[in-house]
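Undergrad: Just so it is clear, I am handing over protein-v5.cif, which has mmCIF, C-alpha atoms and all ligand atoms.
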```
data_structure
loop_
_atom_site.label_atom_id
_atom_site.label_comp_id
_atom_site.auth_asym_id
_atom_site.auth_seq_id
_atom_site.Cartn_x
_atom_site.Cartn_y
_atom_site.Cartn_z
CA MET M 1 -14.19 37.78 -10.24
CA ALA M 2 -17.31 35.81 -9.48
CA ASP M 3 -15.84 32.36 -10.27
CA GLU M 4 -12.56 32.98 -8.46
CA LYS M 5 -11.98 30.21 -5.89
CA LYS M 6 -11.88 31.29 -2.25
CA LEU M 7 -8.53 30.44 -0.64
CA PHE M 8 -8.02 29.65 3.04
CA LYS M 9 -4.72 30.00 4.87
CA VAL M 10 -3.91 27.04 7.09
CA THR M 11 -0.81 26.34 9.16
CA ILE M 12 0.15 22.70 9.74
CA ASP M 13 3.17 21.90 11.90
CA ASN M 14 4.35 25.51 11.48
CA ILE M 15 4.11 25.44 7.67
CA THR M 16 1.54 27.77 6.15
CA ILE M 17 -0.15 27.14 2.82
CA GLU M 18 -3.24 28.33 0.99
CA VAL M 19 -5.83 25.84 -0.10
CA GLU M 20 -9.28 26.06 -1.61
CA ALA M 21 -12.23 26.35 0.75
CA GLY M 22 -13.71 22.87 1.31
CA THR M 23 -10.30 21.12 1.43
CA SER M 24 -9.86 18.66 4.29
CA ILE M 25 -6.96 19.08 6.72
CA LEU M 26 -5.55 15.77 5.42
CA ASN M 27 -5.51 16.96 1.81
CA ALA M 28 -4.03 20.31 2.84
CA ALA M 29 -1.26 18.40 4.65
CA ARG M 30 -0.74 16.20 1.57
CA LYS M 31 -0.07 19.37 -0.41
CA ILE M 32 2.81 20.11 1.97
CA GLY M 33 3.87 16.45 1.96
CA GLY M 34 6.50 14.60 3.98
CA ASP M 35 6.09 13.95 7.72
CA VAL M 36 3.50 16.69 8.03
CA THR M 37 0.99 14.40 6.32
CA PRO M 38 -1.03 12.29 8.77
CA PRO M 39 -1.31 8.57 7.99
CA ALA M 40 -4.65 7.44 6.57
CA MET M 41 -5.87 3.86 6.73
CA CYS M 42 -9.47 4.30 5.60
CA TYR M 43 -9.67 7.54 3.59
CA TYR M 44 -9.23 7.00 -0.14
CA THR M 45 -9.34 9.93 -2.55
CA ARG M 46 -11.15 8.10 -5.32
CA LEU M 47 -13.79 6.48 -3.11
CA LYS M 48 -16.76 8.67 -2.24
CA GLY M 49 -17.73 8.54 1.44
CA SER M 50 -14.48 6.93 2.60
CA GLY M 51 -12.73 8.16 5.74
CA GLY M 52 -13.79 8.64 9.33
CA LYS M 53 -13.48 4.97 10.35
CA CYS M 54 -9.93 4.28 11.51
CA ARG M 55 -8.87 7.44 13.42
CA THR M 56 -5.22 7.14 12.41
CA CYS M 57 -5.38 10.61 10.84
CA LEU M 58 -6.16 12.40 14.13
CA VAL M 59 -4.68 15.88 14.50
CA GLU M 60 -4.85 18.68 17.04
CA VAL M 61 -6.49 21.94 15.99
CA SER M 62 -4.87 24.56 18.21
CA ALA M 63 -6.72 27.46 16.59
CA GLY M 64 -10.05 26.96 14.79
CA SER M 65 -9.88 29.99 12.49
CA THR M 66 -9.02 33.68 12.38
CA ALA M 67 -12.63 34.52 13.23
CA ASP M 68 -12.73 32.08 16.15
CA PRO M 69 -9.18 31.20 17.24
CA ARG M 70 -10.26 28.92 20.10
CA PRO M 71 -8.65 25.46 20.00
CA MET M 72 -10.86 22.45 19.31
CA PRO M 73 -11.19 20.56 22.58
CA LYS M 74 -10.74 17.07 21.10
CA LEU M 75 -8.43 15.69 18.47
CA VAL M 76 -10.19 15.57 15.11
CA ALA M 77 -10.08 13.18 12.15
CA SER M 78 -8.19 15.21 9.54
CA CYS M 79 -9.78 13.34 6.62
CA ARG M 80 -13.23 14.45 7.74
CA THR M 81 -12.51 17.99 8.99
CA ASN M 82 -12.26 20.86 6.53
CA VAL M 83 -9.81 23.73 6.92
CA MET M 84 -10.98 27.18 7.97
CA ASP M 85 -9.23 30.43 7.18
CA GLY M 86 -6.47 31.00 9.75
CA MET M 87 -6.68 27.47 11.19
CA VAL M 88 -3.60 26.18 13.04
CA VAL M 89 -3.08 22.43 13.09
CA LYS M 90 -0.54 20.25 14.83
CA ASN M 91 0.32 16.79 13.61
CA ILE M 92 3.77 15.49 14.49
CA THR M 93 4.44 18.57 16.61
CA SER M 94 1.69 17.49 19.03
CA GLU M 95 2.47 15.09 21.88
CA ARG M 96 -1.28 14.46 22.26
CA VAL M 97 -1.55 13.33 18.65
CA LEU M 98 1.44 11.00 18.85
CA GLU M 99 0.13 9.45 22.06
CA ALA M 100 -3.38 9.02 20.65
CA ARG M 101 -2.04 7.51 17.43
CA LYS M 102 -0.11 4.97 19.47
CA GLY M 103 -3.42 3.98 21.08
CA VAL M 104 -5.13 3.73 17.68
CA VAL M 105 -2.40 1.43 16.39
CA GLU M 106 -2.71 -0.73 19.49
CA LEU M 107 -6.45 -0.96 18.91
CA LEU M 108 -6.06 -1.81 15.21
CA LEU M 109 -3.60 -4.53 16.15
CA ILE M 110 -5.77 -6.05 18.86
CA ASN M 111 -7.26 -8.56 16.48
CA HIS M 112 -4.73 -8.36 13.71
CA PRO M 113 -2.50 -11.45 13.60
CA LEU M 114 1.22 -10.78 13.47
CA ASP M 115 1.67 -13.09 10.53
CA CYS M 116 3.71 -10.67 8.43
CA PRO M 117 6.33 -13.36 7.64
CA ILE M 118 3.74 -15.29 5.64
CA CYS M 119 1.39 -12.47 4.64
CA ASP M 120 1.45 -11.42 0.98
CA GLN M 121 0.95 -7.78 1.93
CA ALA M 122 4.24 -7.64 3.85
CA GLY M 123 6.44 -4.93 2.40
CA GLU M 124 3.51 -2.90 1.11
CA CYS M 125 1.21 -3.06 4.15
CA HIS M 126 0.09 0.30 5.47
CA LEU M 127 -0.56 -1.17 8.91
CA GLN M 128 2.97 -2.53 9.04
CA ASP M 129 4.34 0.94 8.19
CA LEU M 130 1.98 2.57 10.66
CA SER M 131 2.99 0.29 13.52
CA TYR M 132 6.71 0.87 12.82
CA ASP M 133 6.16 4.64 12.80
CA HIS M 134 3.61 4.97 15.59
CA GLY M 135 3.10 1.68 17.40
CA ALA M 136 3.92 0.72 20.98
CA GLU M 137 6.34 -2.14 21.71
CA GLY M 138 3.68 -4.39 23.13
CA THR M 139 -0.02 -4.93 23.55
CA ARG M 140 -1.99 -4.92 26.79
CA TYR M 141 -4.62 -7.19 25.29
CA GLU M 142 -4.76 -10.61 26.90
CA PHE M 143 -7.92 -12.10 25.47
CA PRO M 144 -8.27 -14.52 22.57
CA ARG M 145 -8.27 -12.84 19.18
CA ARG M 146 -11.23 -13.01 16.82
CA THR M 147 -11.52 -16.03 14.56
CA PHE M 148 -13.80 -16.46 11.57
CA GLU M 149 -15.39 -19.05 9.36
CA LYS M 150 -13.71 -19.13 5.94
CA HIS M 151 -15.58 -17.25 3.20
CA ALA M 152 -15.17 -17.84 -0.51
CA LEU M 153 -14.78 -14.53 -2.35
CA GLY M 154 -14.79 -15.82 -5.90
CA PRO M 155 -12.05 -17.31 -8.08
CA TYR M 156 -9.52 -14.46 -7.84
CA ILE M 157 -9.69 -12.99 -4.35
CA GLN M 158 -8.74 -14.48 -1.01
CA LEU M 159 -10.16 -12.99 2.17
CA HIS M 160 -8.31 -13.33 5.46
CA MET M 161 -10.91 -11.82 7.74
CA THR M 162 -8.62 -11.97 10.78
CA ARG M 163 -6.41 -9.32 9.15
CA CYS M 164 -9.25 -6.95 8.28
CA ILE M 165 -9.29 -3.59 10.06
CA LEU M 166 -12.82 -2.75 8.86
CA CYS M 167 -11.79 0.35 6.96
CA TYR M 168 -14.71 -0.14 4.52
CA ARG M 169 -12.59 0.76 1.49
CA CYS M 170 -13.39 -2.51 -0.28
CA VAL M 171 -17.09 -2.04 0.41
CA TYR M 172 -17.04 1.42 -1.18
CA ALA M 173 -14.93 0.14 -4.07
CA ALA M 174 -17.34 -2.72 -4.73
CA ASP M 175 -20.29 -0.36 -4.41
CA GLN M 176 -18.92 2.35 -6.66
CA LEU M 177 -17.08 0.30 -9.28
CA THR M 178 -19.46 -2.56 -9.88
CA ASN M 179 -23.13 -2.58 -10.66
CA LYS M 180 -23.93 -5.62 -8.54
CA ARG M 181 -22.40 -5.37 -5.10
CA VAL M 182 -22.56 -8.69 -3.31
CA HIS M 183 -20.23 -8.04 -0.44
CA GLY M 184 -20.25 -5.74 2.53
CA VAL M 185 -19.88 -5.54 6.29
CA LEU M 186 -22.16 -7.85 8.19
CA ASP M 187 -23.02 -7.53 11.89
CA ARG M 188 -21.83 -4.92 14.33
CA GLY M 189 -19.17 -4.33 16.99
CA ASP M 190 -16.56 -7.03 17.39
CA HIS M 191 -18.77 -9.35 15.31
CA SER M 192 -18.45 -7.11 12.24
CA GLU M 193 -17.00 -8.84 9.24
CA ILE M 194 -16.54 -8.44 5.51
CA ALA M 195 -18.48 -11.11 3.70
CA THR M 196 -20.33 -11.85 0.53
CA TYR M 197 -24.04 -12.00 1.08
CA ILE M 198 -24.75 -15.73 1.35
CA GLU M 199 -21.34 -16.61 -0.13
CA LYS M 200 -22.11 -15.15 -3.53
CA SER M 201 -19.19 -15.07 -5.88
CA LEU M 202 -17.65 -11.70 -6.72
CA ASP M 203 -17.40 -12.09 -10.46
CA ASN M 204 -17.79 -8.48 -11.56
CA ASP M 205 -15.26 -7.13 -14.07
CA PHE M 206 -13.81 -4.51 -11.72
CA ILE M 207 -13.98 -6.33 -8.40
CA GLY M 208 -10.21 -7.03 -8.41
CA ASN M 209 -9.67 -3.42 -7.37
CA VAL M 210 -10.69 -4.32 -3.79
CA ILE M 211 -7.29 -6.02 -3.54
CA ASP M 212 -5.51 -2.75 -4.31
CA VAL M 213 -7.56 -0.61 -1.93
CA CYS M 214 -7.19 -2.97 1.04
CA PRO M 215 -4.52 -1.38 3.27
CA VAL M 216 -3.65 -4.71 4.91
CA GLY M 217 -3.39 -8.33 3.75
CA ALA M 218 -7.08 -9.11 4.23
CA LEU M 219 -7.84 -9.19 0.50
CA THR M 220 -5.14 -10.76 -1.62
CA ASP M 221 -4.70 -11.90 -5.22
CA LYS M 222 -5.24 -15.68 -5.51
CA THR M 223 -3.17 -15.77 -8.71
CA PHE M 224 -0.15 -14.31 -6.90
CA ARG M 225 -0.27 -15.22 -3.24
CA PHE M 226 2.61 -17.19 -1.75
CA LYS M 227 4.49 -17.04 -5.06
CA ASN M 228 6.94 -14.30 -4.13
CA ARG M 229 7.76 -11.46 -1.75
CA VAL M 230 7.04 -8.01 -3.13
CA TRP M 231 10.52 -6.71 -2.41
CA PHE M 232 12.04 -9.30 -4.78
CA LEU M 233 9.88 -8.01 -7.61
CA LYS M 234 10.69 -5.20 -9.97
CA PRO M 235 7.72 -3.00 -10.88
CA GLU M 236 7.42 -1.70 -14.44
CA ASP M 237 4.68 0.57 -15.76
CA ALA M 238 2.94 -0.86 -18.82
CA HIS M 239 -0.23 -0.37 -20.82
CA ARG M 240 -2.42 -2.15 -23.32
CA ASP M 241 -5.38 -1.24 -25.43
CA CYS M 242 -8.16 -2.51 -23.18
CA PRO M 243 -11.81 -2.06 -24.17
CA LYS M 244 -12.94 -2.17 -20.53
CA CYS M 245 -10.48 -0.04 -18.55
CA SER M 246 -7.63 2.42 -19.01
CA GLY M 247 -5.24 -0.52 -19.45
CA LYS M 248 -2.57 1.36 -17.46
CA VAL M 249 -0.98 -1.01 -14.97
CA THR M 250 2.13 -1.95 -13.06
CA LEU M 251 3.71 -5.31 -13.94
CA TRP M 252 5.67 -6.95 -11.12
CA TYR M 253 8.63 -8.85 -12.53
CA ARG M 254 11.11 -11.29 -11.15
CA GLY M 255 13.60 -11.90 -13.91
CA ASP M 256 11.42 -12.00 -16.99
CA GLU M 257 8.38 -13.54 -15.31
CA VAL M 258 5.38 -11.34 -14.58
CA PHE M 259 4.23 -12.48 -11.13
CA ARG M 260 1.34 -10.08 -10.72
CA VAL M 261 -0.43 -7.13 -12.29
CA THR M 262 -1.78 -4.24 -10.21
CA ALA M 263 -3.22 -0.80 -10.85
CA ARG M 264 -0.73 2.07 -10.71
CA LYS M 265 -0.57 3.79 -7.34
CA ASP M 266 0.33 7.35 -6.40
CA GLN M 267 2.68 8.51 -3.64
CA TRP M 268 -0.06 7.95 -1.02
CA GLY M 269 -0.47 4.35 -2.09
CA GLU M 270 -3.81 5.06 -3.76
CA VAL M 271 -4.88 3.70 -7.15
CA GLU M 272 -4.56 6.24 -9.99
CA GLU M 273 -6.94 4.50 -12.39
CA TRP M 274 -9.05 1.41 -11.77
CA ILE M 275 -8.26 -1.64 -13.89
CA CYS M 276 -10.42 -4.55 -15.00
CA ASN M 277 -10.10 -8.19 -13.96
CA GLU M 278 -8.86 -9.25 -17.38
CA CYS M 279 -5.85 -6.90 -17.22
CA ARG M 280 -5.18 -7.86 -13.61
CA PHE M 281 -5.61 -11.63 -13.63
CA GLU M 282 -5.42 -12.84 -17.23
CA LYS M 283 -2.58 -10.87 -18.82
CA LYS M 284 0.60 -12.19 -17.25
CA LYS M 285 2.86 -12.22 -20.28
CA THR M 286 5.18 -9.38 -21.31
CA SER M 287 3.89 -9.80 -24.87
CA ASP M 288 0.43 -8.71 -23.67
CA TRP M 289 1.79 -5.28 -22.79
CA VAL M 290 3.63 -2.20 -24.05
CA ILE M 291 6.26 -1.38 -21.42
CA ASP M 292 6.46 2.29 -20.36
CA GLY M 293 9.45 2.01 -18.02
CA PRO M 294 10.32 1.42 -14.36
CA THR M 295 7.68 2.39 -11.82
CA LYS M 296 8.59 5.27 -9.55
CA VAL M 297 8.14 3.93 -6.05
CA SER M 298 8.08 6.29 -3.08
CA ARG M 299 11.48 6.08 -1.38
CA HIS M 300 10.22 4.97 2.00
CA SER M 301 8.97 1.70 0.55
CA VAL M 302 11.02 -1.47 0.82
CA ILE M 303 10.03 -2.12 -2.80
CA SER M 304 12.15 0.79 -3.96
CA ALA M 305 15.32 -0.85 -2.61
CA ASN M 306 17.77 -1.20 -5.50
CA HIS M 307 15.23 0.08 -8.01
CA TYR M 308 15.95 3.81 -7.93
CA VAL M 309 15.57 5.44 -11.31
CA ASP M 310 17.83 8.20 -12.67
CA VAL M 311 20.39 7.57 -9.97
CA LYS M 312 23.93 8.76 -10.74
CA LYS M 313 26.40 5.98 -10.03
CA PRO M 314 29.23 7.05 -7.72
CA HIS M 315 32.67 7.41 -9.30
CA GLU M 316 34.42 4.01 -9.37
CA ALA M 317 37.78 4.64 -7.70
CA LEU M 318 39.03 1.04 -7.44
CA PRO M 319 40.88 0.85 -10.79
CA GLU M 320 42.83 4.03 -9.94
CA VAL M 321 43.70 2.76 -6.47
CA MET M 322 44.80 -0.63 -7.83
CA GLY M 323 46.90 1.02 -10.56
CA GLY M 324 45.72 -1.35 -13.27
CA ARG M 325 46.01 -4.53 -11.17
CA GLN M 326 42.96 -6.74 -10.67
CA PRO M 327 41.62 -7.27 -7.12
CA ARG M 328 42.34 -10.78 -5.88
CA LEU M 329 39.24 -12.57 -4.64
CA LEU M 330 39.97 -14.67 -1.59
CA MET M 331 36.58 -16.34 -1.55
CA ASP M 332 34.02 -16.86 -4.27
CA ILE M 333 30.62 -16.50 -2.63
CA HIS M 334 28.95 -18.31 -5.51
CA THR M 335 30.97 -21.44 -4.88
CA VAL M 336 30.82 -21.22 -1.11
CA SER M 337 27.10 -20.64 -0.73
CA GLU M 338 26.07 -23.17 -3.42
CA VAL M 339 22.77 -21.36 -3.75
CA ASN M 340 22.77 -20.62 -7.45
CA LYS M 341 23.43 -23.07 -10.26
CA PRO M 342 27.21 -23.57 -10.92
CA ASP M 343 27.12 -21.84 -14.31
CA ILE M 344 25.24 -18.79 -13.03
CA ASP M 345 26.93 -15.82 -11.37
CA LEU M 346 24.13 -13.92 -9.64
CA SER M 347 26.04 -10.66 -9.74
CA LYS M 348 26.33 -10.82 -13.51
CA ILE M 349 22.85 -11.79 -14.62
CA ASN M 350 20.70 -9.22 -16.30
CA GLY M 351 18.02 -8.02 -13.84
CA PRO M 352 16.94 -9.73 -10.65
CA ALA M 353 17.41 -13.47 -10.24
CA HIS M 354 14.44 -15.62 -10.94
CA SER M 355 13.40 -19.05 -9.76
CA ASN M 356 15.33 -20.92 -12.50
CA ASP M 357 18.63 -19.30 -11.44
CA PHE M 358 18.64 -21.14 -8.13
CA LYS M 359 19.39 -24.77 -7.44
CA ASN M 360 16.31 -26.98 -7.31
CA GLY M 361 14.43 -24.08 -8.91
CA SER M 362 14.08 -22.23 -5.63
CA GLN M 363 15.95 -19.96 -3.29
CA LYS M 364 17.45 -21.66 -0.29
S1 LIG J 1 -11.01 -6.32 3.81
FE1 LIG J 1 -9.37 -4.75 3.63
S2 LIG J 1 -10.33 -3.08 2.47
FE2 LIG J 1 -11.99 -4.38 3.22
S3 LIG J 1 -12.61 -3.44 5.18
FE3 LIG J 1 -11.11 -5.04 5.65
S4 LIG J 1 -9.15 -3.97 5.72
FE4 LIG J 1 -10.59 -2.61 4.68
S1 LIG J 2 -8.10 8.13 7.46
FE1 LIG J 2 -9.21 9.54 8.68
S2 LIG J 2 -10.35 8.27 10.02
FE2 LIG J 2 -9.30 6.87 8.74
#
```
Using structure tokens, write down the structure that the file contains.
Ligand code: SF4
Ligand code: FES
TA:
Amino acid sequence: MADEKKLFKVTIDNITIEVEAGTSILNAARKIGGDVTPPAMCYYTRLKGSGGKCRTCLVEVSAGSTADPRPMPKLVASCRTNVMDGMVVKNITSERVLEARKGVVELLLINHPLDCPICDQAGECHLQDLSYDHGAEGTRYEFPRRTFEKHALGPYIQLHMTRCILCYRCVYAADQLTNKRVHGVLDRGDHSEIATYIEKSLDNDFIGNVIDVCPVGALTDKTFRFKNRVWFLKPEDAHRDCPKCSGKVTLWYRGDEVFRVTARKDQWGEVEEWICNECRFEKKKTSDWVIDGPTKVSRHSVISANHYVDVKKPHEALPEVMGGRQPRLLMDIHTVSEVNKPDIDLSKINGPAHSNDFKNGSQK
């Protein structure tokens, strides 16, 4: 049939699949999923023109195609290289790739401060994950790191330029989602920086999405930062009837407080549907939303700790073993630690603890 799509066979790390002609190696690998999928710090499915900047997605092409099975001499960026019929690709099965990726991580970290303990992106930072999976133990870089003048990026967004890895995602997002882009990359080489042109404020309705696309903690939410760590929060999908955007979001709860609102993200950490500033920054009450249920977080994320959905609880054997007797507690942690208020038993409260459950209103 004339409109039948042409399919190409590609083998990645010894797994063969068929994908449509014009598919990139990265997207073919994403169809297989798991460890076969190369990491991607700059490519973003919903942003036209993204990819090709960070080189974390490098792979080895050991056979170009059935017609020309010669290997490609250099490693290629999988987000920018399309599959050919009969292509053979190596990702984690290639020593060359793993070695090169280690070098890329070292380069990305040359100017990136190791301030994860105070960075709001910690726990959901793609660079943090990347360096755990592919980084070297140390750096060979001995020179001073880059420093920058502070830039104001409007009322809602904080820029920490020292953390930026120049992936350009926010520039594409601003360009493609707003009709008045006033920020971009200025200068070249190690002087390159994200900035607003002449400190103009980013007040467009959809500009908040740059926070979600930033893979590191360079662009953070001013209404949320320093208020909590993401792994203490419980994400819930919710929606509202919004005249500007889809209104489909994730609410991040601690206890019954909504600490932040973000767009929903897929298993690759990419936004499913863009949301407007009003939904993101102005609607922080449960009553503003219709709750859809707990967010499914990919298992490798620290955020998913203790939040698994549909998990079958293991059979509780203690009552049988004790034969009806009650276990005798030798030490009551709630009394000993003196962290929570005397009348609150943290193991019995409904949902995660929130600031009011602790003494002095805060966690010690
Ligand atoms: S600020 Fe974030 S999204 Fe923008 S270029 Fe830097 S790292 Fe990428
Ligand atoms: S994801 Fe391919 S070069 Fe960045």
Undergrad: I need the residue nearest ligand LIG 2 (chain J) from this list: M:Val76, M:Asn204, M:Pro71, M:Asp35. Use all atoms listed in the file for the distance.
TA: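 Smallest distance to ligand LIG 2 (chain J) is found for M:Val76.
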Undergrad: Using all atoms listed in the file, tabulate the residues of segment 159-230 of chain M lying at most 10 Å from any atom of segment 141-149 of chain M, each with its closest atom pair and that distance in Å to one decimal, by chain and increasing residue number, as a Markdown table.
TA:
```
| residue | atom | partner | partner_atom | distance |
| --- | --- | --- | --- | --- |
| M:His160 | CA | M:Phe148 | CA | 8.8 |
| M:Met161 | CA | M:Phe148 | CA | 6.7 |
| M:Thr162 | CA | M:Thr147 | CA | 6.3 |
| M:Arg163 | CA | M:Arg146 | CA | 9.8 |
| M:Asp190 | CA | M:Arg146 | CA | 8.0 |
| M:His191 | CA | M:Arg146 | CA | 8.5 |
| M:Glu193 | CA | M:Phe148 | CA | 8.6 |
```
Undergrad: Find the residue from M:Ala174, M:Cys116, M:Cys57, M:Ala152 that sits nearest to ligand LIG 2 (chain J); use all atoms listed in the file when measuring.
TA: M:Cys57
Undergrad: Once you count all atoms listed in the file, which residues end up within 9 Å of ligand LIG 2 (chain J), and could you hand them over as a PyMOL selection string?
TA: chain M and resi 26+38-44+50-58+76-80+167
Undergrad: Could you make a table, as CSV, of the residues of chain M that have an atom within 9 Å of an atom of ligand LIG 1 (chain J), each with its nearest atom pair and distance in Å to one decimal, counting all atoms listed in the file, in chain and number order?
TA:
```
residue,atom,partner,partner_atom,distance
M:Met41,CA,J:LIG1,FE4,8.3
M:Cys42,CA,J:LIG1,FE4,7.1
M:Leu159,CA,J:LIG1,S1,6.9
M:His160,CA,J:LIG1,S1,7.7
M:Met161,CA,J:LIG1,S1,6.8
M:Thr162,CA,J:LIG1,FE3,9.0
M:Arg163,CA,J:LIG1,S4,6.9
M:Cys164,CA,J:LIG1,FE3,3.7
M:Ile165,CA,J:LIG1,S4,4.4
M:Leu166,CA,J:LIG1,S3,3.8
M:Cys167,CA,J:LIG1,FE4,3.9
M:Tyr168,CA,J:LIG1,S3,4.0
M:Arg169,CA,J:LIG1,S2,4.6
M:Cys170,CA,J:LIG1,S2,4.2
M:Val171,CA,J:LIG1,FE2,6.3
M:Tyr172,CA,J:LIG1,FE2,8.9
M:Ala173,CA,J:LIG1,S2,8.6
M:Gly184,CA,J:LIG1,FE2,8.4
M:Val185,CA,J:LIG1,S3,7.6
M:Glu193,CA,J:LIG1,FE3,7.9
M:Ile194,CA,J:LIG1,S1,6.2
M:Ala195,CA,J:LIG1,S1,8.9
M:Val210,CA,J:LIG1,S2,6.4
M:Ile211,CA,J:LIG1,S2,7.3
M:Asp212,CA,J:LIG1,S2,8.3
M:Val213,CA,J:LIG1,S2,5.8
M:Cys214,CA,J:LIG1,S2,3.5
M:Pro215,CA,J:LIG1,S4,5.8
M:Val216,CA,J:LIG1,S4,5.6
M:Gly217,CA,J:LIG1,FE1,7.0
M:Ala218,CA,J:LIG1,S1,4.8
M:Leu219,CA,J:LIG1,S1,5.4
```
Undergrad: Excluding Val59 of chain M and its own-chain neighbours fewer than 3 positions away, which residues fall within 12 Å of it when counting only C-alpha atoms? Please give them as an MDAnalysis selection string.
TA: chainID M and resid 12:13 24:26 29 36:40 55:56 62:63 71:81 88:101
Undergrad: Could you tell me how far atom CA of Ala263 of chain M lies from atom CA of Asn277 of chain M, in Å and to one decimal?
TA: 10.6 Å
Undergrad: By how many Å are atom CA of Ser65 of chain M and atom CA of Thr11 of chain M apart?
TA: 10.3 Å
Undergrad: Find the residue from M:Ser304, M:Thr220, M:Thr295, M:Thr139 that sits nearest to Leu114 of chain M; use all atoms listed in the file when measuring.
TA: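 So, comparing all the options, the nearest one is M:Thr139.
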Undergrad: What gap, in Å, lies between atom CA of Lys234 of chain M and atom CA of Trp274 of chain M?
TA: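 Going from atom CA of Lys234 of chain M over to atom CA of Trp274 of chain M, I get 20.9 Å.
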Undergrad: So that I can see what lies close to Ile291 of chain M, please list as a PDB file with C-alpha atoms, in the frame of the given file the residues with an atom at most 12 Å from it, counting only C-alpha atoms and leaving out residues fewer than 4 positions away in the same chain.
TA:
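And here's around_34.pdb as it stands now:
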```
ATOM      1  CA  PRO M 235       7.720  -3.000 -10.880  1.00  0.00           C
ATOM      2  CA  GLU M 236       7.420  -1.700 -14.440  1.00  0.00           C
ATOM      3  CA  ASP M 237       4.680   0.570 -15.760  1.00  0.00           C
ATOM      4  CA  ALA M 238       2.940  -0.860 -18.820  1.00  0.00           C
ATOM      5  CA  HIS M 239      -0.230  -0.370 -20.820  1.00  0.00           C
ATOM      6  CA  ARG M 240      -2.420  -2.150 -23.320  1.00  0.00           C
ATOM      7  CA  GLY M 247      -5.240  -0.520 -19.450  1.00  0.00           C
ATOM      8  CA  LYS M 248      -2.570   1.360 -17.460  1.00  0.00           C
ATOM      9  CA  VAL M 249      -0.980  -1.010 -14.970  1.00  0.00           C
ATOM     10  CA  THR M 250       2.130  -1.950 -13.060  1.00  0.00           C
ATOM     11  CA  LEU M 251       3.710  -5.310 -13.940  1.00  0.00           C
ATOM     12  CA  TRP M 252       5.670  -6.950 -11.120  1.00  0.00           C
ATOM     13  CA  TYR M 253       8.630  -8.850 -12.530  1.00  0.00           C
ATOM     14  CA  LYS M 285       2.860 -12.220 -20.280  1.00  0.00           C
ATOM     15  CA  THR M 286       5.180  -9.380 -21.310  1.00  0.00           C
ATOM     16  CA  SER M 287       3.890  -9.800 -24.870  1.00  0.00           C
ATOM     17  CA  THR M 295       7.680   2.390 -11.820  1.00  0.00           C
TER      18      THR M 295
END
```
Undergrad: Return the single residue from M:Lys150, M:Arg30, M:Glu282, M:His354 that is closest to Glu257 of chain M, with distances computed using only C-alpha atoms.
TA: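 For Glu257 of chain M, the nearest of the given residues is M:His354.
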Undergrad: Kindly indicate which residue among M:Cys276, M:Met322, M:Ile110, M:Leu233 lies nearest to Pro294 of chain M, using only C-alpha atoms for the distances.
TA: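 Between M:Cys276, M:Met322, M:Ile110, M:Leu233, the residue approaching Pro294 of chain M most closely is M:Leu233.
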Undergrad: Residues within 7 Å of Trp231 of chain M, please, as a PyMOL selection string. Count only C-alpha atoms; anything in the same chain fewer than 2 positions from it doesn't count.
TA: chain M and resi 123+229+233+302-303
Undergrad: Give the answer as one residue: which of M:Ala28, M:Ile349, M:Leu177, M:Val61 has the shortest atom-to-atom distance to Asn209 of chain M, using all atoms listed in the file?
TA: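 Among the listed residues, the smallest separation from Asn209 of chain M belongs to M:Leu177.
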Undergrad: Would you kindly return, as a list in words, each protein, DNA or RNA residue with an atom no farther than 8 Å from any atom of Lys6 of chain M, considering all atoms listed in the file and excluding same-chain residues fewer than 2 positions away?
TA: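 Here the answer would be Glu4, Phe8, Glu20 and Ala21 of chain M.
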